[in-house]
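Listing of input-v9.txt; format and content: compact mmCIF, C-alpha atoms and all ligand atoms.
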# COMPACT_ATOMS: atom_id res chain seq x y z
CA MET A 1 -0.56 12.64 17.34
CA ALA A 2 -2.18 13.34 20.68
CA THR A 3 -4.28 16.44 21.05
CA GLY A 4 -5.15 18.67 23.94
CA LEU A 5 -5.43 21.65 21.69
CA SER A 6 -8.16 24.17 21.43
CA ASN A 7 -9.01 26.13 18.35
CA SER A 8 -8.36 29.82 18.54
CA SER A 9 -10.12 32.21 16.27
CA VAL A 10 -8.14 34.40 13.92
CA ALA A 11 -9.60 37.33 12.07
CA THR A 12 -9.87 36.85 8.32
CA PRO A 13 -7.32 38.74 6.22
CA GLN A 14 -7.99 42.33 5.39
CA LYS A 15 -9.56 42.70 2.01
CA GLU A 16 -6.90 45.03 0.74
CA ARG A 17 -6.06 44.44 -2.87
CA SER A 18 -2.32 44.16 -2.20
CA LEU A 19 -2.92 41.63 0.52
CA THR A 20 -4.89 38.96 -1.21
CA TRP A 21 -3.42 35.67 -2.28
CA SER A 22 -4.87 32.47 -3.66
CA THR A 23 -3.03 30.44 -0.98
CA TRP A 24 -1.48 31.70 2.23
CA ILE A 25 -0.49 30.79 5.77
CA GLU A 26 -1.93 32.47 8.84
CA VAL A 27 0.26 32.60 11.94
CA ASN A 28 -1.49 33.41 15.19
CA LEU A 29 1.08 35.20 17.35
CA ASP A 30 -1.37 35.52 20.23
CA ALA A 31 -1.60 31.72 20.29
CA LEU A 32 2.21 31.51 20.23
CA GLY A 33 2.40 33.86 23.23
CA HIS A 34 -0.30 31.88 24.99
CA ASN A 35 1.58 28.59 24.42
CA LEU A 36 4.74 30.13 25.85
CA GLN A 37 2.86 31.04 28.99
CA GLU A 38 1.50 27.50 29.22
CA ILE A 39 5.00 26.07 28.94
CA GLU A 40 6.30 28.56 31.53
CA GLN A 41 3.62 27.42 33.93
CA HIS A 42 4.72 23.81 33.59
CA SER A 43 8.46 24.45 33.56
CA HIS A 44 11.10 24.30 36.27
CA SER A 45 13.59 26.17 34.09
CA PRO A 46 13.86 29.03 31.59
CA ILE A 47 12.72 28.28 28.05
CA LEU A 48 15.07 28.29 25.10
CA PRO A 49 12.66 28.60 22.15
CA ILE A 50 13.67 26.52 19.13
CA LEU A 51 13.33 28.33 15.80
CA LYS A 52 14.90 25.73 13.52
CA ALA A 53 13.24 24.88 10.17
CA ASP A 54 12.08 28.49 9.76
CA ALA A 55 10.48 28.34 13.21
CA TYR A 56 8.70 25.10 12.27
CA GLY A 57 7.29 26.79 9.17
CA HIS A 58 6.06 29.91 10.97
CA GLY A 59 8.77 32.19 9.52
CA ALA A 60 11.76 32.55 11.85
CA PRO A 61 12.46 36.32 11.51
CA VAL A 62 9.01 37.44 12.63
CA VAL A 63 8.73 34.76 15.31
CA ALA A 64 12.13 35.85 16.68
CA ALA A 65 11.08 39.52 16.72
CA PHE A 66 7.84 38.62 18.45
CA LEU A 67 9.56 36.46 21.08
CA GLN A 68 11.98 39.28 21.79
CA SER A 69 9.05 41.61 22.37
CA LEU A 70 7.91 39.12 25.03
CA GLY A 71 11.31 39.29 26.72
CA TYR A 72 12.89 36.15 25.25
CA HIS A 73 16.32 37.11 23.98
CA PHE A 74 18.03 33.73 23.81
CA MET A 75 16.86 31.25 21.12
CA ALA A 76 18.23 28.32 19.14
CA VAL A 77 18.31 27.36 15.49
CA SER A 78 19.78 24.43 13.63
CA THR A 79 22.33 26.00 11.28
CA VAL A 80 24.39 29.14 10.77
CA GLU A 81 22.30 29.92 7.67
CA GLU A 82 19.15 29.87 9.77
CA ALA A 83 20.81 32.13 12.32
CA LEU A 84 21.72 34.66 9.62
CA SER A 85 18.19 34.78 8.26
CA ILE A 86 17.03 35.88 11.72
CA LEU A 87 19.95 38.19 12.50
CA GLU A 88 19.38 40.16 9.31
CA CYS A 89 16.05 41.19 10.79
CA THR A 90 16.37 41.17 14.57
CA LYS A 91 19.12 40.55 17.11
CA PRO A 92 18.48 37.83 19.66
CA THR A 93 21.33 35.76 21.07
CA LEU A 94 21.38 32.58 19.00
CA LEU A 95 22.69 29.15 19.84
CA VAL A 96 23.26 27.10 16.68
CA LEU A 97 22.56 23.47 17.54
CA THR A 98 24.78 21.91 14.86
CA PRO A 99 28.52 22.48 14.43
CA PRO A 100 29.44 25.19 11.91
CA SER A 101 31.56 24.29 8.91
CA LEU A 102 35.11 25.69 8.98
CA GLU A 103 34.08 28.10 6.21
CA GLN A 104 31.32 29.46 8.43
CA LEU A 105 33.59 30.29 11.37
CA PRO A 106 34.14 33.93 10.27
CA LEU A 107 30.34 34.36 10.22
CA VAL A 108 30.09 32.92 13.72
CA LEU A 109 32.45 35.62 14.97
CA GLN A 110 31.04 38.42 12.86
CA HIS A 111 27.50 37.83 14.09
CA GLY A 112 28.21 36.81 17.67
CA ILE A 113 26.61 33.39 17.18
CA ILE A 114 27.06 30.73 19.89
CA PRO A 115 28.24 27.62 18.04
CA THR A 116 27.93 23.99 19.06
CA ILE A 117 31.25 22.21 19.39
CA THR A 118 31.55 18.56 18.43
CA SER A 119 35.27 18.12 17.71
CA PRO A 120 38.72 19.26 18.88
CA ARG A 121 39.42 20.55 15.36
CA LEU A 122 36.57 23.01 15.60
CA VAL A 123 37.97 24.34 18.87
CA VAL A 124 41.41 24.80 17.34
CA GLU A 125 40.17 26.57 14.20
CA LEU A 126 37.66 28.74 16.06
CA GLY A 127 40.32 29.56 18.65
CA LYS A 128 42.78 30.72 15.96
CA LEU A 129 40.23 33.01 14.41
CA ALA A 130 39.01 34.37 17.75
CA GLN A 131 42.61 35.18 18.70
CA GLN A 132 43.25 36.89 15.37
CA LYS A 133 40.17 39.05 15.82
CA ARG A 134 40.66 39.38 19.59
CA GLN A 135 37.04 38.48 20.03
CA LYS A 136 35.57 36.38 22.79
CA VAL A 137 33.37 33.47 21.64
CA VAL A 138 31.05 31.50 23.89
CA VAL A 139 30.50 27.89 22.81
CA HIS A 140 28.29 25.00 23.89
CA LEU A 141 29.51 21.41 23.79
CA LYS A 142 27.22 18.65 22.60
CA ILE A 143 27.56 15.26 24.26
CA ASP A 144 26.05 12.19 22.65
CA THR A 145 24.47 10.16 25.42
CA GLY A 146 22.74 7.66 23.13
CA LEU A 147 21.10 9.28 20.09
CA GLY A 148 24.07 8.28 17.94
CA ARG A 149 23.96 11.42 15.85
CA LEU A 150 25.77 14.69 16.56
CA GLY A 151 28.03 15.16 19.54
CA VAL A 152 30.95 13.47 21.26
CA ALA A 153 30.92 10.52 23.64
CA PRO A 154 31.29 11.56 27.30
CA LYS A 155 34.76 9.98 27.45
CA ASP A 156 35.91 12.21 24.55
CA ALA A 157 34.38 15.36 26.00
CA TRP A 158 37.16 15.77 28.57
CA GLU A 159 39.79 16.52 25.97
CA ILE A 160 37.57 19.11 24.27
CA ILE A 161 36.76 20.84 27.55
CA ARG A 162 40.47 20.99 28.40
CA LEU A 163 41.19 22.38 24.94
CA ILE A 164 38.51 25.07 25.23
CA LYS A 165 39.81 26.04 28.66
CA ASN A 166 43.30 26.44 27.29
CA THR A 167 42.23 28.44 24.25
CA PRO A 168 42.29 32.18 24.77
CA TYR A 169 39.07 33.95 23.74
CA LEU A 170 36.98 30.78 23.85
CA SER A 171 34.73 30.09 26.79
CA LEU A 172 32.46 27.16 27.47
CA GLY A 173 28.95 28.44 28.19
CA GLY A 174 27.01 25.20 28.24
CA ILE A 175 26.91 21.45 27.75
CA PHE A 176 23.94 19.66 26.28
CA THR A 177 22.59 16.40 24.95
CA HIS A 178 19.60 15.39 22.83
CA PHE A 179 17.22 12.51 23.56
CA SER A 180 16.59 9.70 21.14
CA GLU A 181 13.13 8.48 22.13
CA ALA A 182 11.61 10.77 24.73
CA PHE A 183 8.41 10.70 22.63
CA LYS A 184 8.06 7.00 23.58
CA ASN A 185 8.21 7.81 27.28
CA SER A 186 10.90 5.12 27.53
CA SER A 187 13.39 4.32 30.26
CA PHE A 188 16.20 5.01 27.77
CA THR A 189 15.50 8.73 28.21
CA LYS A 190 16.38 8.35 31.90
CA THR A 191 19.49 6.41 30.95
CA GLN A 192 20.58 9.24 28.65
CA LEU A 193 19.86 11.85 31.31
CA ASN A 194 21.82 9.86 33.89
CA ARG A 195 24.81 9.71 31.55
CA LEU A 196 24.74 13.50 31.28
CA LEU A 197 24.27 13.97 35.03
CA GLU A 198 27.09 11.54 35.78
CA PHE A 199 29.34 13.57 33.51
CA ARG A 200 28.23 16.77 35.26
CA THR A 201 29.09 15.29 38.65
CA GLN A 202 32.53 14.21 37.46
CA LEU A 203 33.20 17.59 35.86
CA SER A 204 32.13 19.53 38.93
CA LYS A 205 34.76 17.64 40.95
CA THR A 206 37.62 18.77 38.72
CA ASP A 207 36.25 21.98 37.27
CA PRO A 208 33.52 23.71 39.24
CA VAL A 209 32.71 26.36 36.60
CA GLN A 210 29.20 27.69 36.11
CA LEU A 211 27.72 26.18 32.94
CA LEU A 212 24.28 25.87 31.38
CA TRP A 213 23.29 22.22 31.23
CA HIS A 214 20.39 21.41 28.92
CA ALA A 215 18.72 18.30 27.57
CA ALA A 216 14.93 18.48 27.38
CA ASN A 217 12.98 18.81 24.14
CA SER A 218 9.17 18.94 24.22
CA ALA A 219 8.74 15.19 24.80
CA ALA A 220 11.26 15.00 27.64
CA PHE A 221 9.84 18.22 29.05
CA LEU A 222 6.50 16.45 29.45
CA SER A 223 7.65 12.99 30.43
CA LEU A 224 10.75 13.60 32.53
CA PRO A 225 10.72 16.80 34.64
CA ALA A 226 14.18 15.86 36.02
CA SER A 227 15.52 16.66 32.54
CA HIS A 228 14.58 20.36 32.76
CA LEU A 229 18.04 21.24 34.20
CA ASP A 230 19.11 24.85 33.47
CA LEU A 231 17.17 25.35 30.22
CA VAL A 232 14.46 23.54 28.29
CA ARG A 233 14.74 23.54 24.48
CA ILE A 234 11.17 23.73 23.27
CA GLY A 235 9.82 23.70 19.73
CA THR A 236 6.80 21.45 19.22
CA LEU A 237 4.82 22.63 22.27
CA LEU A 238 5.54 26.26 21.51
CA TYR A 239 3.95 25.85 18.09
CA GLY A 240 0.83 24.26 19.56
CA GLN A 241 1.48 20.57 18.96
CA THR A 242 2.43 17.82 21.33
CA PRO A 243 4.44 14.61 21.01
CA LEU A 244 2.70 13.00 24.02
CA PRO A 245 -0.81 13.13 25.48
CA LEU A 246 -1.31 16.23 27.60
CA ASP A 247 -2.92 16.26 31.00
CA PRO A 248 -5.97 18.51 31.49
CA THR A 249 -3.86 21.33 32.93
CA TRP A 250 -2.58 22.05 29.40
CA HIS A 251 -4.46 24.30 26.96
CA LEU A 252 -2.32 24.78 23.89
CA GLN A 253 -3.63 26.78 20.97
CA GLU A 254 -3.07 26.30 17.26
CA THR A 255 -0.61 28.79 15.86
CA TRP A 256 -0.65 28.05 12.14
CA ARG A 257 -3.03 27.25 9.32
CA VAL A 258 -3.06 27.22 5.54
CA LYS A 259 -5.88 28.88 3.64
CA ALA A 260 -6.74 28.58 -0.06
CA ARG A 261 -9.35 30.49 -1.98
CA LEU A 262 -11.69 28.78 -4.46
CA LEU A 263 -10.50 29.86 -7.91
CA GLN A 264 -13.21 28.22 -9.97
CA ILE A 265 -16.32 26.09 -9.45
CA ARG A 266 -17.80 23.91 -12.17
CA THR A 267 -20.32 21.09 -12.34
CA LEU A 268 -19.02 18.07 -14.26
CA PRO A 269 -21.34 15.31 -15.53
CA LYS A 270 -21.34 11.71 -14.32
CA GLY A 271 -18.31 9.80 -15.69
CA HIS A 272 -16.17 12.91 -16.21
CA GLY A 273 -12.53 12.62 -15.13
CA VAL A 274 -10.91 15.07 -12.71
CA GLY A 275 -7.21 15.92 -12.84
CA TYR A 276 -4.14 14.29 -14.44
CA GLY A 277 -4.49 10.68 -15.48
CA ARG A 278 -8.26 10.82 -14.93
CA ASP A 279 -7.67 8.73 -11.81
CA TYR A 280 -10.91 10.12 -10.45
CA ARG A 281 -14.16 9.61 -12.37
CA ALA A 282 -17.36 11.25 -11.17
CA ARG A 283 -19.90 8.59 -10.08
CA LYS A 284 -22.62 11.22 -10.41
CA ALA A 285 -22.71 14.87 -11.44
CA ILE A 286 -20.19 16.65 -9.27
CA ARG A 287 -19.50 20.23 -8.29
CA VAL A 288 -15.74 20.63 -8.47
CA GLY A 289 -13.84 23.50 -6.90
CA VAL A 290 -10.22 24.26 -7.84
CA ILE A 291 -7.67 25.66 -5.40
CA ALA A 292 -4.07 26.77 -6.00
CA LEU A 293 -2.42 24.11 -3.92
CA GLY A 294 -0.01 21.44 -5.06
CA PHE A 295 3.44 19.95 -4.76
CA CYS A 296 5.06 23.34 -5.22
CA HIS A 297 3.42 24.51 -2.00
CA GLY A 298 4.70 21.53 -0.05
CA VAL A 299 1.60 19.39 -0.17
CA GLU A 300 2.14 15.65 -0.03
CA LEU A 301 5.78 15.99 0.83
CA GLU A 302 5.65 13.39 3.55
CA PRO A 303 8.79 11.31 3.84
CA GLN A 304 8.73 8.10 1.84
CA GLY A 305 7.77 5.36 4.25
CA THR A 306 8.56 1.66 4.05
CA PRO A 307 6.76 -0.26 1.27
CA LYS A 308 4.36 -1.49 3.97
CA HIS A 309 3.67 2.10 5.04
CA GLN A 310 3.16 3.20 1.42
CA LEU A 311 0.70 0.36 0.87
CA LYS A 312 -1.18 1.42 4.00
CA VAL A 313 -1.35 5.03 2.75
CA ALA A 314 -2.56 3.89 -0.69
CA LEU A 315 -5.20 1.63 0.84
CA GLY A 316 -6.26 4.41 3.18
CA ARG A 317 -6.76 6.69 0.19
CA LEU A 318 -9.01 4.11 -1.45
CA ILE A 319 -11.24 4.28 1.59
CA HIS A 320 -13.05 7.57 1.36
CA ALA A 321 -12.63 8.32 5.07
CA GLN A 322 -8.85 8.59 4.71
CA HIS A 323 -8.80 10.57 1.51
CA PRO A 324 -6.97 13.89 1.83
CA LYS A 325 -9.37 16.60 2.86
CA VAL A 326 -9.74 20.33 3.15
CA PHE A 327 -12.17 22.16 5.38
CA TYR A 328 -14.85 24.77 5.01
CA GLN A 329 -15.46 25.97 8.55
CA ASP A 330 -15.80 22.66 10.41
CA GLN A 331 -17.00 20.66 7.43
CA SER A 332 -14.49 18.37 5.70
CA LEU A 333 -14.43 18.23 1.89
CA PRO A 334 -12.54 15.52 -0.02
CA LEU A 335 -9.73 16.44 -2.38
CA ILE A 336 -10.35 14.50 -5.59
CA GLY A 337 -8.09 13.49 -8.47
CA ARG A 338 -4.32 13.70 -8.42
CA ILE A 339 -2.74 16.62 -6.66
CA GLY A 340 -0.94 18.65 -9.32
CA MET A 341 2.12 20.85 -9.17
CA GLY A 342 0.10 23.90 -8.24
CA LEU A 343 -3.58 22.93 -8.32
CA SER A 344 -5.93 20.55 -6.55
CA CYS A 345 -9.64 19.82 -6.91
CA VAL A 346 -12.26 19.65 -4.17
CA ASP A 347 -15.62 17.87 -4.14
CA LEU A 348 -18.10 20.62 -3.25
CA ASN A 349 -21.32 18.59 -3.57
CA SER A 350 -22.03 18.86 0.15
CA VAL A 351 -21.65 22.67 0.22
CA PRO A 352 -23.84 24.16 -2.53
CA GLU A 353 -23.60 27.55 -0.83
CA LEU A 354 -19.86 27.90 -1.56
CA ASP A 355 -18.87 30.40 -4.21
CA VAL A 356 -15.68 31.40 -6.04
CA GLY A 357 -13.36 33.40 -3.76
CA GLN A 358 -14.39 31.69 -0.55
CA GLU A 359 -11.69 30.37 1.75
CA LEU A 360 -10.93 26.77 2.60
CA THR A 361 -8.56 25.56 5.30
CA VAL A 362 -5.98 23.03 4.20
CA PRO A 363 -4.27 20.58 6.59
CA MET A 364 -0.58 20.62 5.69
CA ARG A 365 2.68 19.59 7.28
CA ARG A 366 4.14 22.81 8.64
CA VAL A 367 7.85 22.26 8.12
CA THR A 368 7.41 21.30 4.48
CA ALA A 369 5.07 24.18 3.58
CA SER A 370 6.81 26.23 0.92
CA ALA A 371 8.75 29.31 2.06
CA HIS A 372 7.15 31.04 -0.95
CA LEU A 373 3.72 30.97 0.62
CA PRO A 374 3.03 34.30 2.29
CA ARG A 375 2.91 34.23 6.08
CA LEU A 376 0.23 36.54 7.47
CA TYR A 377 0.85 37.33 11.13
CA TYR A 378 -2.06 38.07 13.42
CA TYR A 379 -1.36 39.90 16.65
CA GLN A 380 -4.01 41.00 19.11
CA GLU A 381 -6.48 39.52 16.62
CA ARG A 382 -5.53 41.90 13.82
CA LEU A 383 -3.26 41.48 10.85
CA HIS A 384 0.09 42.80 12.10
CA CYS A 385 2.49 42.11 9.24
CA VAL A 386 3.08 39.86 6.26
CA PHE A 387 6.31 38.15 5.23
CA TRP A 388 6.40 37.15 1.58
CA ASN A 389 9.27 36.60 -0.82
CA SER A 390 11.79 38.34 1.50
CA LYS A 391 9.60 41.42 1.87
CA PHE A 392 7.64 42.60 4.86
CA TYR A 393 4.31 44.31 4.73
CA TYR A 394 3.93 46.42 7.83
CA LYS A 395 1.91 49.51 8.69
CA GLY A 396 0.30 49.87 5.31
CA GLN A 397 3.26 49.37 2.98
CA TRP A 398 5.73 46.88 1.60
CA ARG A 399 9.18 47.53 3.01
CA THR A 400 12.71 46.23 2.64
CA ASN A 401 16.00 47.53 4.01
CA SER A 402 19.23 47.92 2.05
CA ARG A 403 19.77 44.17 2.28
CA GLY A 404 16.30 43.47 1.05
CA LEU A 405 14.89 42.94 4.50
CA PHE A 406 12.77 44.86 6.89
CA LEU A 407 12.41 44.79 10.62
CA THR A 408 8.91 44.44 11.89
CA LYS A 409 8.35 45.76 15.38
CA PHE A 410 6.29 44.64 18.34
CA PRO A 411 5.71 46.68 21.46
CA PRO A 412 7.73 45.41 24.43
CA HIS A 413 5.85 43.01 26.61
CA ARG A 414 6.24 41.33 29.96
CA GLY A 415 8.36 38.22 29.97
CA SER A 416 10.11 35.95 32.39
CA SER A 417 13.14 35.07 30.33
CA PRO A 418 16.43 35.77 32.12
CA GLU A 419 18.75 38.38 30.67
CA PRO A 420 20.77 36.93 27.80
CA HIS A 421 24.13 37.37 29.51
CA THR A 422 23.03 35.25 32.45
CA LEU A 423 22.05 32.52 30.03
CA VAL A 424 24.98 32.42 27.68
CA GLY A 425 27.57 32.58 30.43
CA GLN A 426 29.53 35.45 28.94
C1 LIG A 501 18.82 19.61 19.59
C2 LIG A 501 17.34 19.90 19.64
N1 LIG A 501 16.82 20.31 20.79
C3 LIG A 501 15.50 20.60 20.90
C4 LIG A 501 14.65 20.46 19.83
C5 LIG A 501 13.19 20.79 19.99
O1 LIG A 501 12.45 19.62 19.92
P1 LIG A 501 10.84 19.66 20.08
O2 LIG A 501 10.30 20.21 18.83
O3 LIG A 501 10.49 18.26 20.29
O4 LIG A 501 10.56 20.52 21.27
C6 LIG A 501 15.17 20.02 18.61
C7 LIG A 501 14.26 19.85 17.46
O5 LIG A 501 14.38 19.06 16.60
C8 LIG A 501 16.55 19.73 18.52
O6 LIG A 501 17.09 19.31 17.36
Would you write out, as structure tokens, the structure that this file holds?
Amino acid sequence: MATGLSNSSVATPQKERSLTWSTWIEVNLDALGHNLQEIEQHSHSPILPILKADAYGHGAPVVAAFLQSLGYHFMAVSTVEEALSILECTKPTLLVLTPPSLEQLPLVLQHGIIPTITSPRLVVELGKLAQQKRQKVVVHLKIDTGLGRLGVAPKDAWEIIRLIKNTPYLSLGGIFTHFSEAFKNSSFTKTQLNRLLEFRTQLSKTDPVQLLWHAANSAAFLSLPASHLDLVRIGTLLYGQTPLPLDPTWHLQETWRVKARLLQIRTLPKGHGVGYGRDYRARKAIRVGVIALGFCHGVELEPQGTPKHQLKVALGRLIHAQHPKVFYQDQSLPLIGRIGMGLSCVDLNSVPELDVGQELTVPMRRVTASAHLPRLYYYQERLHCVFWNSKFYYKGQWRTNSRGLFLTKFPPHRGSSPEPHTLVGQ
């Protein structure tokens, strides 16, 4: 993956007894705010932050509360369940990017969620319920312009738009599409955009209503400015990563890192095995550190590749340079032996100064990091709150509300996001 990122420093966790873990995730909210500003500076349109997959592993409730404090009140998630996990804590306007199941329609109404429509049946069922409750529902329609996944073909969208128009209490707030290979910088992205724009032109001839048209994800945002339209749906860039090389005007910061504390250090003699199966044998006396990190935390949960890819990974592991590593400050340390369910071992021969309790940084895929790992949120370079096992630690104590959740608060901030009602077309 291309870089263009700078490291940002985060204060180490407070040494309060109730706030120490063996393994934890640090989320740098200042970096998140900084990245938003960077995106704003490069954008022709308002940003719709994407908080799917638990805000890409950052913990969606706190990220949503923080973004609201910056003036962003309209966000998107993937599913109704994800929307509820945010709405139990804070109240942004949420677009759900996948169609709700029929069983979830009452929740859509109850929580004022903006659903994505992908079939006439959904319009009919949602319309019935909205009429029963006498409640207005704004919807967005997803058009498939070439990804071949969710959405309806442009030719089938006409019927759905007509149906929505004729359904009391339903109103169409936006129409969107999703790109299939914007990360390749390919001409197919332009083809997809042109299909959407062609549809927009046709629709404006028969039905000149004001709608939000949106298409760009992070890759299209970078590679095809014409795709910015009325909103840009941004996840990857917001969280400090990039799908395409960035030009020197970009300065994204890292927002997320995993830390693990050394639980034990022992010197094993030459020939001693390390870990299950004794796959690793010490070629000389070795100082082995143990950290609480394994499958249960989401390590090594990369998708299964093709056999060719798996062979490449296995070969890479044989070569020391590609062995999985952890870091002490800037120094990389090889993980040795098999990764266990909850423990891994580190070769500490190159860092004799390290002692039990010291912290290592662990590279990990963010969206597969376990939700059970505590998220420690740093704001203005201090620990602001912690989210762990459905509880929040904030202002010196663990708190939950009657539903087991607690709202963390951020002071209001400047922000350039439009008011939610102008965005959702209510
Ligand atoms: C429909 C849709 N739009 C936008 C995004 C954001 O994409 P990115 O993380 O590339 O910005 C996603 C993420 O998967 C998505 O599913």
Around ligand LIG 501 (chain A), at most 9 Å away and counting all atoms listed in the file, which residues are there? Put them as a PDB file with C-alpha atoms, in the coordinates of the input, please.
ATOM      1  CA  LEU A  48      15.070  28.290  25.100  1.00  0.00           C
ATOM      2  CA  PRO A  49      12.660  28.600  22.150  1.00  0.00           C
ATOM      3  CA  ILE A  50      13.670  26.520  19.130  1.00  0.00           C
ATOM      4  CA  LEU A  51      13.330  28.330  15.800  1.00  0.00           C
ATOM      5  CA  LYS A  52      14.900  25.730  13.520  1.00  0.00           C
ATOM      6  CA  ALA A  53      13.240  24.880  10.170  1.00  0.00           C
ATOM      7  CA  TYR A  56       8.700  25.100  12.270  1.00  0.00           C
ATOM      8  CA  ALA A  76      18.230  28.320  19.140  1.00  0.00           C
ATOM      9  CA  VAL A  77      18.310  27.360  15.490  1.00  0.00           C
ATOM     10  CA  SER A  78      19.780  24.430  13.630  1.00  0.00           C
ATOM     11  CA  LEU A  97      22.560  23.470  17.540  1.00  0.00           C
ATOM     12  CA  THR A  98      24.780  21.910  14.860  1.00  0.00           C
ATOM     13  CA  LYS A 142      27.220  18.650  22.600  1.00  0.00           C
ATOM     14  CA  PHE A 176      23.940  19.660  26.280  1.00  0.00           C
ATOM     15  CA  THR A 177      22.590  16.400  24.950  1.00  0.00           C
ATOM     16  CA  HIS A 178      19.600  15.390  22.830  1.00  0.00           C
ATOM     17  CA  PHE A 179      17.220  12.510  23.560  1.00  0.00           C
ATOM     18  CA  ALA A 182      11.610  10.770  24.730  1.00  0.00           C
ATOM     19  CA  PHE A 183       8.410  10.700  22.630  1.00  0.00           C
ATOM     20  CA  HIS A 214      20.390  21.410  28.920  1.00  0.00           C
ATOM     21  CA  ALA A 215      18.720  18.300  27.570  1.00  0.00           C
ATOM     22  CA  ALA A 216      14.930  18.480  27.380  1.00  0.00           C
ATOM     23  CA  ASN A 217      12.980  18.810  24.140  1.00  0.00           C
ATOM     24  CA  SER A 218       9.170  18.940  24.220  1.00  0.00           C
ATOM     25  CA  ALA A 219       8.740  15.190  24.800  1.00  0.00           C
ATOM     26  CA  ALA A 220      11.260  15.000  27.640  1.00  0.00           C
ATOM     27  CA  PHE A 221       9.840  18.220  29.050  1.00  0.00           C
ATOM     28  CA  VAL A 232      14.460  23.540  28.290  1.00  0.00           C
ATOM     29  CA  ARG A 233      14.740  23.540  24.480  1.00  0.00           C
ATOM     30  CA  ILE A 234      11.170  23.730  23.270  1.00  0.00           C
ATOM     31  CA  GLY A 235       9.820  23.700  19.730  1.00  0.00           C
ATOM     32  CA  THR A 236       6.800  21.450  19.220  1.00  0.00           C
ATOM     33  CA  LEU A 237       4.820  22.630  22.270  1.00  0.00           C
ATOM     34  CA  LEU A 238       5.540  26.260  21.510  1.00  0.00           C
ATOM     35  CA  TYR A 239       3.950  25.850  18.090  1.00  0.00           C
ATOM     36  CA  GLN A 241       1.480  20.570  18.960  1.00  0.00           C
ATOM     37  CA  THR A 242       2.430  17.820  21.330  1.00  0.00           C
ATOM     38  CA  PRO A 243       4.440  14.610  21.010  1.00  0.00           C
TER      39      PRO A 243
END
Restricting the calculation to all atoms listed in the file: of A:Gly240, A:Gly277, A:Pro324, A:Gly337, which residue gets closest to His34 of chain A?
A:Gly240
In Å to one decimal, how far is atom CA of Glu353 of chain A from atom CA of Ile286 of chain A?
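A separation of 14.2 Å between them.
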Just give me the gap between atom CA of Leu244 of chain A and atom CA of His42 of chain A in Å, one decimal is fine.
14.6 Å
Determine the nearest neighbour of Thr249 of chain A from the options A:Thr23, A:Asn349, A:Ile39, A:Thr368, counting all atoms listed in the file.
A:Ile39
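What separates atom CA of Ala157 of chain A from atom CA of Arg121 of chain A is a distance of 12.9 Å.
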For Arg281 of chain A, find every residue with an atom within 8 Å (counting only C-alpha atoms), except residues of its own chain fewer than 6 positions away, and show them as a PyMOL selection string.
chain A and resi 270-274
Given the selection you just returned, output its residues as a file containing C-alpha atoms, formatted as an mmCIF file, in the coordinates of the input.
data_model
loop_
_atom_site.group_PDB
_atom_site.id
_atom_site.type_symbol
_atom_site.label_atom_id
_atom_site.label_comp_id
_atom_site.auth_asym_id
_atom_site.auth_seq_id
_atom_site.Cartn_x
_atom_site.Cartn_y
_atom_site.Cartn_z
ATOM 1 C CA LYS A 270 -21.340 11.710 -14.320
ATOM 2 C CA GLY A 271 -18.310 9.800 -15.690
ATOM 3 C CA HIS A 272 -16.170 12.910 -16.210
ATOM 4 C CA GLY A 273 -12.530 12.620 -15.130
ATOM 5 C CA VAL A 274 -10.910 15.070 -12.710
#
Restricting the calculation to only C-alpha atoms, which member of A:Val367, A:Pro106, A:Gln41, A:His111 is positioned closest to Leu126 of chain A?
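Of all the options, A:Pro106 lies closest to Leu126 of chain A.
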May I ask which of the residues A:Leu150, A:Gln397, A:Thr167, A:Lys184 is the closest one to His384 of chain A, counting only C-alpha atoms?
A:Gln397
7 Å contact set for Ser22 of chain A, all atoms listed in the file, chain neighbours under 5 positions out, as JSON, numbers by chain
{"A": [260, 261, 292]}
Writing out the chosen residues with C-alpha atoms as a CSV table (one decimal), in the frame of the given file:
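Saved as out22.csv:
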chain,number,residue,atom,x,y,z
A,260,ALA,CA,-6.7,28.6,-0.1
A,261,ARG,CA,-9.4,30.5,-2.0
A,292,ALA,CA,-4.1,26.8,-6.0
At a cut-off of 9 Å from (14.9, 9.2, 31.2) in the coordinates of the file, what residues are picked up using all atoms listed in the file, written as a list of chain:residue names?
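Those within range, by chain then number, are A:Phe179, A:Ala182, A:Asn185, A:Ser186, A:Ser187, A:Phe188, A:Thr189, A:Lys190, A:Thr191, A:Gln192, A:Leu193, A:Asn194, A:Ala220, A:Ser223, A:Leu224, A:Ala226, A:Ser227.
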Which of these residues is nearest to Cys385 of chain A, using all atoms listed in the file: A:Lys165, A:Val62, A:Phe327, A:Ala55?
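Of A:Lys165, A:Val62, A:Phe327, A:Ala55, the one nearest Cys385 of chain A is A:Val62, counting all atoms listed in the file.
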Ref. answer, residues at most 9 Å from (39.2, 29.5, 25.6) with all atoms listed in the file, as a list of chain:residue names:
A:Val123, A:Gly127, A:Lys136, A:Val137, A:Val138, A:Leu163, A:Ile164, A:Lys165, A:Asn166, A:Thr167, A:Pro168, A:Tyr169, A:Leu170, A:Ser171, A:Leu172
Which residue of A:Val108, A:Leu147, A:Val63, A:Gly57 approaches Thr79 of chain A most closely, using all atoms listed in the file:
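Using all atoms listed in the file, Thr79 of chain A sits closest to A:Val108.
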Need to verify the contact set: Arg338 of chain A, 10 Å, all atoms listed in the file, exclusion of same-chain residues closer than 6 positions in sequence. Can you return it as a count of residues only?
10
